[in-house]
$ cat start-v3.tsv   # TSV, C-alpha atoms
chain	number	residue	atom	x	y	z
A	245	MET	CA	115.30	150.20	68.40
A	246	TYR	CA	118.55	149.26	70.17
A	247	GLY	CA	119.29	152.90	70.75
A	248	THR	CA	116.29	153.32	73.01
A	249	ALA	CA	116.74	150.14	74.96
A	250	ALA	CA	119.61	151.33	77.13
A	251	PRO	CA	117.76	154.24	78.80
A	252	LEU	CA	114.79	151.97	79.54
A	253	VAL	CA	117.02	149.46	81.28
A	254	THR	CA	118.62	152.27	83.25
A	255	VAL	CA	115.21	153.44	84.44
A	256	VAL	CA	114.30	149.93	85.51
A	257	LEU	CA	117.56	149.55	87.41
A	258	LEU	CA	116.99	152.83	89.19
A	259	PHE	CA	113.78	151.48	90.65
A	260	LYS	CA	115.04	147.97	91.23
A	261	PRO	CA	118.64	148.23	92.41
A	262	CYS	CA	118.46	144.85	94.12
A	263	TYR	CA	117.68	143.15	90.83
A	264	CYS	CA	120.72	144.79	89.32
A	265	VAL	CA	122.98	143.59	92.09
A	266	LYS	CA	121.57	140.10	91.96
A	267	ARG	CA	121.86	139.92	88.20
A	268	ASN	CA	125.49	141.01	88.39
A	269	SER	CA	126.11	138.43	91.07
A	270	VAL	CA	124.60	135.73	88.95
A	271	GLU	CA	126.70	136.72	85.96
A	272	GLN	CA	129.82	136.87	88.09
A	273	SER	CA	129.11	133.58	89.73
A	274	GLN	CA	128.70	131.98	86.32
A	275	LEU	CA	132.11	133.33	85.32
A	276	LEU	CA	133.60	132.30	88.62
A	277	LYS	CA	132.46	128.73	88.44
A	278	GLY	CA	135.35	127.84	86.19
A	279	VAL	CA	137.98	129.32	88.45
A	280	LEU	CA	136.39	128.87	91.85
A	281	GLU	CA	138.25	125.65	92.44
A	282	LEU	CA	141.49	127.39	91.64
A	283	ALA	CA	140.63	130.41	93.78
A	284	VAL	CA	139.78	128.19	96.76
A	285	LEU	CA	143.00	126.25	96.35
A	286	ALA	CA	144.90	129.53	96.16
A	287	VAL	CA	143.37	130.79	99.40
A	288	ILE	CA	144.11	127.57	101.25
A	289	ALA	CA	147.62	127.42	99.83
A	290	ARG	CA	148.40	130.55	101.85
A	291	GLY	CA	147.86	128.59	105.03
A	292	GLU	CA	145.48	126.30	106.85
A	293	THR	CA	142.03	127.88	107.02
A	294	TYR	CA	138.31	127.11	107.31
A	295	GLY	CA	135.19	127.70	105.24
A	296	TYR	CA	133.98	131.02	106.55
A	297	GLU	CA	137.49	132.48	106.41
A	298	ILE	CA	137.90	131.25	102.83
A	299	LEU	CA	134.64	132.97	101.89
A	300	SER	CA	135.71	136.17	103.60
A	301	THR	CA	139.05	136.08	101.80
A	302	LEU	CA	137.36	135.56	98.44
A	303	GLU	CA	134.94	138.41	99.13
A	304	GLY	CA	137.80	140.60	100.32
A	305	ALA	CA	139.55	139.92	97.04
A	306	GLY	CA	136.47	141.11	95.16
A	307	LEU	CA	134.92	137.73	94.39
A	308	ASP	CA	131.71	138.55	96.23
A	309	GLY	CA	129.44	136.79	93.78
A	310	VAL	CA	130.43	133.41	95.06
A	311	GLY	CA	127.67	131.61	96.87
A	312	ASP	CA	128.45	130.17	100.26
A	313	ALA	CA	127.17	126.79	99.15
A	314	SER	CA	129.42	126.86	96.08
A	315	VAL	CA	132.48	127.29	98.26
A	316	TYR	CA	131.51	124.51	100.62
A	317	GLY	CA	130.60	122.25	97.73
A	318	THR	CA	133.93	123.00	96.08
A	319	LEU	CA	135.75	122.24	99.32
A	320	ARG	CA	133.96	118.93	99.50
A	321	ARG	CA	134.85	118.08	95.91
A	322	LEU	CA	138.52	119.05	96.32
A	323	GLU	CA	138.79	117.02	99.49
A	324	GLN	CA	137.22	114.02	97.82
A	325	ALA	CA	139.68	114.39	94.95
A	326	GLY	CA	142.58	114.34	97.43
A	327	HIS	CA	143.65	117.93	96.77
A	328	LEU	CA	142.75	118.99	100.30
A	329	GLU	CA	142.97	117.45	103.71
A	330	SER	CA	141.09	118.58	106.76
A	331	ARG	CA	140.96	118.40	110.52
A	332	LEU	CA	138.39	119.48	113.07
A	333	ALA	CA	139.32	121.99	115.73
A	334	ALA	CA	137.26	123.57	118.49
A	335	SER	CA	135.86	127.02	117.83
A	336	ASP	CA	134.92	129.82	120.22
A	337	SER	CA	131.95	130.76	118.04
A	338	GLY	CA	130.13	127.44	118.18
A	339	PRO	CA	130.57	124.07	116.53
A	340	ALA	CA	134.02	122.76	115.69
A	341	ARG	CA	135.65	124.27	112.62
A	342	LYS	CA	136.91	122.18	109.77
A	343	TYR	CA	140.37	123.41	108.83
A	344	TYR	CA	141.63	122.70	105.34
A	345	SER	CA	145.15	122.47	104.01
A	346	VAL	CA	146.48	121.77	100.54
A	347	THR	CA	147.97	118.36	99.81
A	348	PRO	CA	150.90	117.89	97.39
A	349	SER	CA	148.34	116.85	94.80
A	350	GLY	CA	146.43	120.06	95.47
A	351	ALA	CA	149.60	122.12	95.11
A	352	GLU	CA	150.25	120.53	91.72
A	353	GLN	CA	146.64	121.18	90.74
A	354	LEU	CA	146.99	124.81	91.78
A	355	GLN	CA	150.19	125.28	89.81
A	356	ALA	CA	148.81	123.64	86.70
A	357	GLY	CA	145.54	125.56	86.99
A	358	THR	CA	147.31	128.85	87.49
A	359	GLU	CA	149.36	128.33	84.36
A	360	THR	CA	146.24	127.40	82.39
A	361	TRP	CA	144.38	130.40	83.73
A	362	SER	CA	147.28	132.70	82.88
A	363	ARG	CA	147.25	131.49	79.30
A	364	ILE	CA	143.47	131.95	79.05
A	365	ASN	CA	143.70	135.35	80.66
A	366	ALA	CA	146.47	136.44	78.28
A	367	ALA	CA	144.50	135.18	75.31
A	368	PHE	CA	141.37	136.97	76.47
A	369	ARG	CA	143.25	140.23	77.00
A	370	GLU	CA	144.64	139.82	73.54
A	371	LEU	CA	141.10	139.48	72.23
A	372	VAL	CA	139.50	142.38	74.07
A	373	GLY	CA	142.54	144.58	74.48
A	374	PRO	CA	143.31	147.71	72.40
B	262	MET	CA	113.69	130.96	110.01
B	263	THR	CA	116.00	129.79	112.76
B	264	ARG	CA	119.43	128.41	112.00
B	265	ASP	CA	118.47	124.96	113.18
B	266	GLN	CA	115.39	125.04	110.97
B	267	TYR	CA	117.53	126.16	108.03
B	268	VAL	CA	119.97	123.28	108.54
B	269	ARG	CA	117.10	120.81	108.88
B	270	ASP	CA	115.49	122.07	105.68
B	271	VAL	CA	118.77	121.85	103.76
B	272	GLY	CA	119.11	118.31	105.08
B	273	HIS	CA	115.65	117.56	103.75
B	274	TRP	CA	116.70	118.63	100.25
B	275	LEU	CA	119.81	116.46	100.51
B	276	HIS	CA	117.93	113.44	101.79
B	277	ASP	CA	119.08	111.18	98.94
B	278	ILE	CA	122.84	111.49	99.44
B	279	PRO	CA	124.76	109.09	101.70
B	280	TRP	CA	124.21	109.77	105.37
B	281	SER	CA	127.87	110.35	106.28
B	282	THR	CA	128.28	112.87	103.45
B	283	ARG	CA	125.09	114.67	104.47
B	284	ARG	CA	126.21	114.69	108.09
B	285	ASP	CA	129.56	116.29	107.18
B	286	LEU	CA	127.96	118.88	104.91
B	287	LEU	CA	125.34	119.83	107.47
B	288	ALA	CA	127.91	119.98	110.26
B	289	GLU	CA	129.96	122.38	108.17
B	290	LEU	CA	126.84	124.42	107.37
B	291	ARG	CA	126.01	124.55	111.07
B	292	GLY	CA	129.52	125.81	111.78
B	293	HIS	CA	129.22	128.35	108.97
B	294	LEU	CA	125.93	129.69	110.30
B	295	ALA	CA	127.50	130.07	113.72
B	296	GLU	CA	130.15	132.33	112.17
B	297	LEU	CA	127.59	134.64	110.58
B	298	PRO	CA	126.47	137.76	112.49
B	299	ALA	CA	123.43	137.11	114.65
B	300	ASP	CA	121.19	139.45	112.64
B	301	THR	CA	121.95	137.81	109.29
B	302	ASP	CA	118.88	137.03	107.24
B	303	LEU	CA	119.74	133.53	106.15
B	304	GLU	CA	117.55	133.39	103.06
B	305	THR	CA	118.96	136.70	101.79
B	306	ARG	CA	122.53	135.64	102.28
B	307	LEU	CA	122.34	131.94	101.40
B	308	GLY	CA	119.14	131.62	99.40
B	309	SER	CA	116.32	129.32	100.38
B	310	PRO	CA	117.29	125.94	101.84
B	311	GLU	CA	116.30	124.35	98.54
B	312	GLU	CA	118.53	126.75	96.58
B	313	TYR	CA	121.41	126.27	99.01
B	314	ALA	CA	121.10	122.50	98.74
B	315	ALA	CA	120.98	122.64	94.94
B	316	GLU	CA	124.06	124.91	94.77
B	317	LEU	CA	125.94	122.74	97.24
B	318	ARG	CA	124.99	119.61	95.34
B	319	SER	CA	126.11	121.17	92.06
B	320	ALA	CA	129.44	122.44	93.38
B	321	ALA	CA	130.25	119.21	95.20
B	322	GLY	CA	129.29	117.05	92.23
B	323	LEU	CA	126.64	115.19	94.19
B	324	GLU	CA	124.12	113.83	91.74
B	325	ARG	CA	120.59	113.01	92.75
B	326	ARG	CA	120.45	109.35	93.74
B	327	ARG	CA	117.55	106.96	93.45
B	328	GLY	CA	116.91	103.30	94.07
B	329	PRO	CA	117.05	100.96	97.04
B	330	VAL	CA	120.84	101.15	97.48
B	331	ALA	CA	120.73	104.95	97.61
B	332	PHE	CA	117.79	104.76	100.00
B	333	LEU	CA	119.73	102.52	102.37
B	334	GLN	CA	122.93	104.54	102.11
B	335	ALA	CA	121.01	107.71	102.90
B	336	ARG	CA	119.79	106.25	106.20
B	337	ARG	CA	121.76	106.71	109.37
B	338	PRO	CA	123.57	103.40	110.06
B	339	ARG	CA	122.35	103.36	113.65
B	340	ASN	CA	118.77	103.73	112.46
B	341	LEU	CA	119.31	101.00	109.87
B	342	VAL	CA	120.65	98.67	112.54
B	343	LEU	CA	117.74	99.55	114.83
B	344	ALA	CA	115.28	98.91	112.02
B	345	LEU	CA	116.93	95.58	111.16
B	346	VAL	CA	117.04	94.53	114.81
B	347	THR	CA	113.39	95.53	115.22
B	348	LEU	CA	112.43	93.58	112.10
B	349	ALA	CA	114.46	90.60	113.31
B	350	VAL	CA	112.80	90.73	116.73
B	351	ILE	CA	109.36	91.01	115.15
B	352	GLY	CA	110.20	88.14	112.79
B	353	LEU	CA	111.46	86.00	115.64
B	354	ALA	CA	108.42	86.87	117.74
B	355	ILE	CA	106.07	85.94	114.90
B	356	GLY	CA	108.02	82.74	114.33
B	357	ALA	CA	107.97	81.93	118.05
B	358	VAL	CA	104.23	82.56	118.31
B	359	ALA	CA	103.58	80.43	115.22
B	360	TRP	CA	105.76	77.67	116.63
B	361	ILE	CA	104.06	77.81	120.03
B	362	GLN	CA	100.66	77.76	118.34
B	363	SER	CA	101.58	74.62	116.45
B	364	TYR	CA	103.57	72.86	119.18
B	365	GLN	CA	102.01	69.43	119.67
B	366	PRO	CA	104.40	66.92	121.22
B	367	ILE	CA	101.89	64.34	122.47
B	368	ALA	CA	101.92	61.02	120.65
B	369	PHE	CA	100.64	57.49	121.08
B	370	ALA	CA	103.16	55.52	123.15
B	371	GLY	CA	102.16	52.06	121.94
B	372	GLY	CA	100.08	50.73	124.81
B	373	GLY	CA	96.50	50.91	126.01
B	374	LEU	CA	93.57	49.36	127.80
B	375	ASP	CA	90.78	47.81	125.73
B	376	PRO	CA	87.20	47.30	126.87
B	377	VAL	CA	86.41	43.98	128.46
B	378	GLY	CA	85.31	41.54	125.79
B	379	ALA	CA	86.64	43.54	122.91
B	380	GLY	CA	87.55	41.52	119.89
B	381	VAL	CA	87.76	41.47	116.16
B	382	ARG	CA	84.39	41.22	114.49
B	383	ALA	CA	83.67	40.56	110.88
B	384	GLY	CA	82.96	43.61	108.85
B	385	LEU	CA	84.60	45.98	111.29
B	386	GLN	CA	88.10	47.37	111.20
B	387	GLY	CA	90.03	47.23	114.45
B	388	GLU	CA	88.30	46.01	117.58
B	389	SER	CA	84.74	46.11	118.73
B	390	VAL	CA	82.90	45.61	121.97
B	391	VAL	CA	79.31	44.48	122.26
B	392	PHE	CA	77.14	46.94	124.05
B	393	HIS	CA	75.38	45.64	127.17
B	394	VAL	CA	74.08	48.14	129.62
B	395	GLY	CA	75.90	47.86	132.93
B	396	ARG	CA	78.86	45.83	131.64
B	397	PRO	CA	82.29	47.04	132.77
B	398	PHE	CA	83.97	49.33	130.32
B	399	GLN	CA	87.52	50.63	130.14
B	400	PHE	CA	89.27	52.27	127.30
B	401	GLY	CA	92.44	54.31	127.01
B	402	ILE	CA	95.92	54.70	125.58
B	403	THR	CA	99.43	55.53	126.67
B	404	ILE	CA	100.68	58.92	125.64
B	405	GLU	CA	104.21	60.19	125.42
B	406	ASN	CA	105.72	63.65	125.20
B	407	LYS	CA	108.03	63.45	122.19
B	408	GLY	CA	108.86	67.15	122.25
B	409	ARG	CA	111.57	69.14	123.96
B	410	PHE	CA	109.36	71.02	126.39
B	411	PRO	CA	106.82	69.90	128.99
B	412	VAL	CA	103.13	70.40	128.43
B	413	ARG	CA	100.31	70.33	130.94
B	414	VAL	CA	97.69	67.68	130.29
B	415	LEU	CA	94.30	69.08	131.29
B	416	ASP	CA	91.71	66.54	130.22
B	417	ALA	CA	90.67	63.85	127.74
B	418	PRO	CA	87.34	65.28	126.56
B	419	LEU	CA	85.26	62.62	124.86
B	420	PRO	CA	82.44	63.80	122.63
B	421	ASP	CA	78.86	64.00	123.86
B	422	GLY	CA	76.66	60.96	123.44
B	423	VAL	CA	79.20	58.17	123.97
B	424	PRO	CA	77.60	54.87	125.06
B	425	PHE	CA	79.31	54.56	128.38
B	426	SER	CA	79.47	56.28	131.72
B	427	ALA	CA	82.99	56.51	133.08
B	428	ARG	CA	85.53	58.63	134.84
B	429	LEU	CA	88.97	59.48	133.52
B	430	MET	CA	91.86	57.75	135.19
B	431	MET	CA	95.60	57.95	134.83
B	432	SER	CA	98.76	56.09	135.73
B	433	ASP	CA	101.98	57.28	137.22
B	434	PRO	CA	104.80	57.83	134.74
B	435	LEU	CA	105.56	54.51	133.05
B	436	THR	CA	109.23	53.80	132.79
B	437	ASP	CA	109.49	50.10	131.97
B	438	GLY	CA	107.53	49.99	128.73
B	439	GLY	CA	104.62	48.18	130.35
B	440	VAL	CA	101.07	49.32	131.08
B	441	HIS	CA	100.22	48.97	134.74
B	442	GLY	CA	99.02	50.68	137.86
B	443	PRO	CA	98.80	52.17	140.26
B	444	TYR	CA	95.95	54.10	138.70
B	445	VAL	CA	94.43	57.19	140.20
B	446	ARG	CA	91.63	59.50	139.26
B	447	PHE	CA	92.78	61.96	136.66
B	448	ARG	CA	94.06	65.34	137.70
B	449	PRO	CA	95.95	67.77	135.46
B	450	PHE	CA	99.67	67.02	135.34
B	451	ASP	CA	102.82	68.08	133.54
B	452	LEU	CA	103.93	65.60	130.90
B	453	ARG	CA	107.68	66.05	130.61
B	454	PRO	CA	109.75	65.26	127.53
B	455	GLY	CA	110.06	61.49	127.15
B	456	GLU	CA	107.51	60.78	129.87
B	457	VAL	CA	104.82	58.12	129.26
B	458	ARG	CA	101.48	57.83	131.05
B	459	LEU	CA	98.29	55.91	130.57
B	460	LEU	CA	95.00	57.78	130.29
B	461	PHE	CA	91.83	55.70	130.29
B	462	TYR	CA	88.14	55.79	131.00
B	463	LYS	CA	86.81	53.36	133.55
B	464	GLY	CA	83.09	52.79	134.05
B	465	VAL	CA	80.17	50.85	132.58
B	466	LEU	CA	78.44	50.72	129.23
B	467	ALA	CA	75.34	52.85	129.36
B	468	CYS	CA	72.90	54.36	126.96
B	469	PRO	CA	74.10	57.78	125.99
B	470	ALA	CA	72.40	60.81	127.34
B	471	PRO	CA	70.38	62.65	124.73
B	472	GLY	CA	72.74	64.75	122.72
B	473	PRO	CA	73.76	65.72	119.23
B	474	ASN	CA	76.53	63.18	118.87
B	475	ALA	CA	75.59	59.52	119.08
B	476	SER	CA	78.71	58.13	117.39
B	477	VAL	CA	80.01	54.84	118.73
B	478	GLY	CA	83.21	54.59	116.70
B	479	PHE	CA	86.58	55.76	117.97
B	480	ILE	CA	89.48	56.46	115.65
B	481	ASP	CA	91.40	58.73	117.97
B	482	PHE	CA	91.77	59.68	121.59
B	483	PRO	CA	91.44	63.38	122.41
B	484	VAL	CA	93.89	64.92	124.90
B	485	ARG	CA	93.48	68.52	125.94
B	486	TYR	CA	96.72	70.18	126.99
B	487	SER	CA	98.23	73.60	127.51
B	488	PHE	CA	101.61	75.00	126.52
B	489	LEU	CA	102.50	78.49	127.76
B	490	TRP	CA	99.40	80.60	127.07
B	491	ARG	CA	97.78	78.27	124.56
B	492	THR	CA	95.32	75.45	125.22
B	493	LYS	CA	94.66	72.90	122.51
B	494	THR	CA	93.20	69.45	122.01
B	495	ALA	CA	95.37	66.86	120.31
B	496	TYR	CA	93.59	63.95	118.67
B	497	ILE	CA	95.91	60.97	119.08
B	498	PRO	CA	95.19	58.39	116.35
B	499	LEU	CA	94.48	54.88	117.64
B	500	ASP	CA	96.52	52.03	116.22
B	501	GLU	CA	93.26	50.10	115.96
B	502	GLU	CA	89.85	51.62	115.69
B	503	LEU	CA	87.32	50.78	118.37
B	504	ALA	CA	83.61	50.28	117.71
B	505	ILE	CA	80.87	49.75	120.28
B	506	VAL	CA	78.17	47.72	118.61
B	507	SER	CA	74.69	46.95	119.86
B	508	PRO	CA	73.26	43.39	119.61
B	509	LYS	CA	70.16	43.03	117.52
B	510	GLY	CA	67.06	44.17	119.29
B	511	VAL	CA	68.90	46.38	121.80
B	512	ARG	CA	68.03	49.99	121.33
B	513	CYS	CA	68.77	52.91	123.50
B	514	PRO	CA	65.90	55.28	124.02
B	515	THR	CA	65.97	58.06	121.48
B	516	PRO	CA	65.66	61.58	122.71

$ encode --input "start-v3.tsv" --output "C-alpha cells"
Amino acid sequence: MYGTAAPLVTVVLLFKPCYCVKRNSVEQSQLLKGVLELAVLAVIARGETYGYEILSTLEGAGLDGVGDASVYGTLRRLEQAGHLESRLAASDSGPARKYYSVTPSGAEQLQAGTETWSRINAAFRELVGP
Amino acid sequence: MTRDQYVRDVGHWLHDIPWSTRRDLLAELRGHLAELPADTDLETRLGSPEEYAAELRSAAGLERRRGPVAFLQARRPRNLVLALVTLAVIGLAIGAVAWIQSYQPIAFAGGGLDPVGAGVRAGLQGESVVFHVGRPFQFGITIENKGRFPVRVLDAPLPDGVPFSARLMMSDPLTDGGVHGPYVRFRPFDLRPGEVRLLFYKGVLACPAPGPNASVGFIDFPVRYSFLWRTKTAYIPLDEELAIVSPKGVRCPTP
C-alpha cells in the first residue's frame, strides 16, 4: 500500500503546485518558529534596520516561509523583552519606518541562542548524518 | 481589497488588545504595506486580515483579552475621555434639570393679615371667621425667598368656590420684620434671596360662585412662581389654619 502512495501524491502535486508550495511553506514556518527570534536578532545585529528589510534579508537567506506577521510579531515581542530598541525615521515610500537595533541584552540573547542552536544542529546532524 | 481596508480589518481582529499596542502594530503594518510593490495581492502575500492578525498575535505573544479592564484599555484614551466627559455633562445636565424642577425656595416668613373678626372658636383648630355676606375680608401671609436664586412670583391662585370676593394685593419688600404698607394691587415680581413680601386678598365675604370646590378651610396659601423655564405652585403651610364658618340659618344658594 505504501508503495503506491508516492506516485499518487506526485500526480496530485502536478495538478496543484500551489498546494505543494503552501504546504512546504507551512512546514518550514513550523520549523522556523523556534529559531525565528534568533534569526531576526541576527539580522538586526548586522546593523540598524526595519521590518520590510528584515523580511527581505530573511527571504534572501532562504527563509521564505516566514510570514510577514510572524516577523512583526517577533519584533514586537523582542522589543517588549528589552532585546531591541527602536526609533521612527521618515521614509520616502510612505509612513515613517521603525528602525530596530539590538540592545546589550539582545546581543547576549543572540549569543546564547546561537550556541544553543549550534548544539542542537550538531546533535541533529549526528542523528541524521551518515 | 485596498491597503487601508486591509489595515482596518486587521485592526478589527485585534480589537481586544490595548489601544497603544494596536496603534503601533497597525502603524508598522501600514508602513510595511507601503513598502510592498503596488500590484501585490495582499491576501496572497499576507493571508486574510483575520489570518494576519492571528499570526501577529501568536508571534507577539498577545493573548485574547476579555473583561471590562481589557475593554477600557482597548479604547483610544481620547475617546474614553470624550465618553467620560459626555457622560459627566449628561449627568450634570440631568442633575441640573432635576434640581431646577424641584427648586422651591418660597417659605412662610412669619407674618400675615387675618380676616376682620377672626378668632378662636371651640371645636376648630386655628382661627375662624364668621361668614356674613358683604363683611370686609382680608387674608394673606408674608413669604420669603430662602433660596440662593431669585424666582418670579406670578400669582396666588385660590381654588374655585371660596366664600369671598377679593383681589390680590402685595406689599413692597419688608425689611424691618413688620407687616405694613404701602400695599398695591398685585403684579408679578421677582422675589430675591432673603426678600420678604406680604401677599393678601382684600375684598368682602360673598357666597361662592357655583363651582366644584366649595371648601371653606385653608391650611395653606398657594403661590405660583416661575424659575427659569419652569412654572410651579408652592403651597405654603399656614401656621394656623383658617376656617370660614356660616352662622346657623345662613345658606348660600346651591348651584

$ interface_residues --input "start-v3.tsv" --of "chain A" --to "chain B" --cutoff "10 Å" --atoms "all atoms listed in the file" --output "ChimeraX atom specification"
/A:277,280-281,294-297,311-324,335-342

$ atom_distance --input "start-v3.tsv" --atom1 "CA of Gly304 (chain A)" --atom2 "CA of Ala299 (chain B)"
20.6 Å

$ residues_around --input "start-v3.tsv" --residues "Thr358 (chain A)" --least-positions-apart "2" --cutoff "12 Å" --atoms "all atoms listed in the file" --output "VMD selection string"
chain A and resid 279 to 286 350 to 356 360 to 366

$ closest_residue --input "start-v3.tsv" --among "B:Gly442, B:Glu456, B:Leu287, B:Leu466" --to "Val377 (chain B)" --atoms "all atoms listed in the file"
B:Leu466

$ residues_around --input "start-v3.tsv" --residues "Ile505 (chain B)" --least-positions-apart "6" --cutoff "12 Å" --atoms "all atoms listed in the file" --output "ChimeraX atom specification"
/B:375-382,385-394,398-400,423-425,466-469,475-480

$ closest_residue --input "start-v3.tsv" --among "B:Glu311, B:Asp277, B:Asp302, B:Glu405" --to "Glu324 (chain B)" --atoms "all atoms listed in the file"
B:Asp277

$ decode --input "start-v3.tsv" --residues "region 492-506 of chain B" --atoms "N, CA and C atoms" --output "PDB file, in the first residue's frame"
ATOM      1  N   THR B 492     -42.656  76.634  35.643  1.00  0.00           N
ATOM      2  CA  THR B 492     -43.652  77.325  36.470  1.00  0.00           C
ATOM      3  C   THR B 492     -44.283  76.308  37.407  1.00  0.00           C
ATOM      4  N   LYS B 493     -44.445  76.709  38.662  1.00  0.00           N
ATOM      5  CA  LYS B 493     -44.923  75.754  39.656  1.00  0.00           C
ATOM      6  C   LYS B 493     -45.720  76.507  40.728  1.00  0.00           C
ATOM      7  N   THR B 494     -46.580  75.794  41.399  1.00  0.00           N
ATOM      8  CA  THR B 494     -47.313  76.403  42.509  1.00  0.00           C
ATOM      9  C   THR B 494     -46.803  75.801  43.820  1.00  0.00           C
ATOM     10  N   ALA B 495     -46.375  76.679  44.712  1.00  0.00           N
ATOM     11  CA  ALA B 495     -45.933  76.221  46.033  1.00  0.00           C
ATOM     12  C   ALA B 495     -47.078  76.444  47.012  1.00  0.00           C
ATOM     13  N   TYR B 496     -47.351  75.454  47.815  1.00  0.00           N
ATOM     14  CA  TYR B 496     -48.414  75.573  48.810  1.00  0.00           C
ATOM     15  C   TYR B 496     -47.750  75.819  50.167  1.00  0.00           C
ATOM     16  N   ILE B 497     -47.801  77.089  50.611  1.00  0.00           N
ATOM     17  CA  ILE B 497     -47.098  77.474  51.828  1.00  0.00           C
ATOM     18  C   ILE B 497     -47.997  77.145  53.031  1.00  0.00           C
ATOM     19  N   PRO B 498     -47.582  76.243  53.881  1.00  0.00           N
ATOM     20  CA  PRO B 498     -48.429  75.881  55.034  1.00  0.00           C
ATOM     21  C   PRO B 498     -48.648  77.089  55.949  1.00  0.00           C
ATOM     22  N   LEU B 499     -49.881  77.223  56.441  1.00  0.00           N
ATOM     23  CA  LEU B 499     -50.198  78.302  57.383  1.00  0.00           C
ATOM     24  C   LEU B 499     -49.800  77.856  58.787  1.00  0.00           C
ATOM     25  N   ASP B 500     -49.362  78.828  59.607  1.00  0.00           N
ATOM     26  CA  ASP B 500     -49.027  78.446  60.982  1.00  0.00           C
ATOM     27  C   ASP B 500     -50.298  78.135  61.775  1.00  0.00           C
ATOM     28  N   GLU B 501     -51.418  78.758  61.349  1.00  0.00           N
ATOM     29  CA  GLU B 501     -52.705  78.432  61.956  1.00  0.00           C
ATOM     30  C   GLU B 501     -53.725  78.282  60.835  1.00  0.00           C
ATOM     31  N   GLU B 502     -54.470  77.245  60.911  1.00  0.00           N
ATOM     32  CA  GLU B 502     -55.489  77.042  59.886  1.00  0.00           C
ATOM     33  C   GLU B 502     -56.562  78.127  59.995  1.00  0.00           C
ATOM     34  N   LEU B 503     -57.211  78.400  58.879  1.00  0.00           N
ATOM     35  CA  LEU B 503     -58.280  79.397  58.862  1.00  0.00           C
ATOM     36  C   LEU B 503     -59.554  78.732  58.346  1.00  0.00           C
ATOM     37  N   ALA B 504     -60.644  78.923  59.085  1.00  0.00           N
ATOM     38  CA  ALA B 504     -61.933  78.392  58.641  1.00  0.00           C
ATOM     39  C   ALA B 504     -62.924  79.542  58.513  1.00  0.00           C
ATOM     40  N   ILE B 505     -63.741  79.507  57.491  1.00  0.00           N
ATOM     41  CA  ILE B 505     -64.824  80.486  57.344  1.00  0.00           C
ATOM     42  C   ILE B 505     -66.114  79.735  57.616  1.00  0.00           C
ATOM     43  N   VAL B 506     -66.745  80.087  58.712  1.00  0.00           N
ATOM     44  CA  VAL B 506     -67.922  79.321  59.137  1.00  0.00           C
ATOM     45  C   VAL B 506     -69.183  80.162  58.943  1.00  0.00           C
TER      46      VAL B 506
END
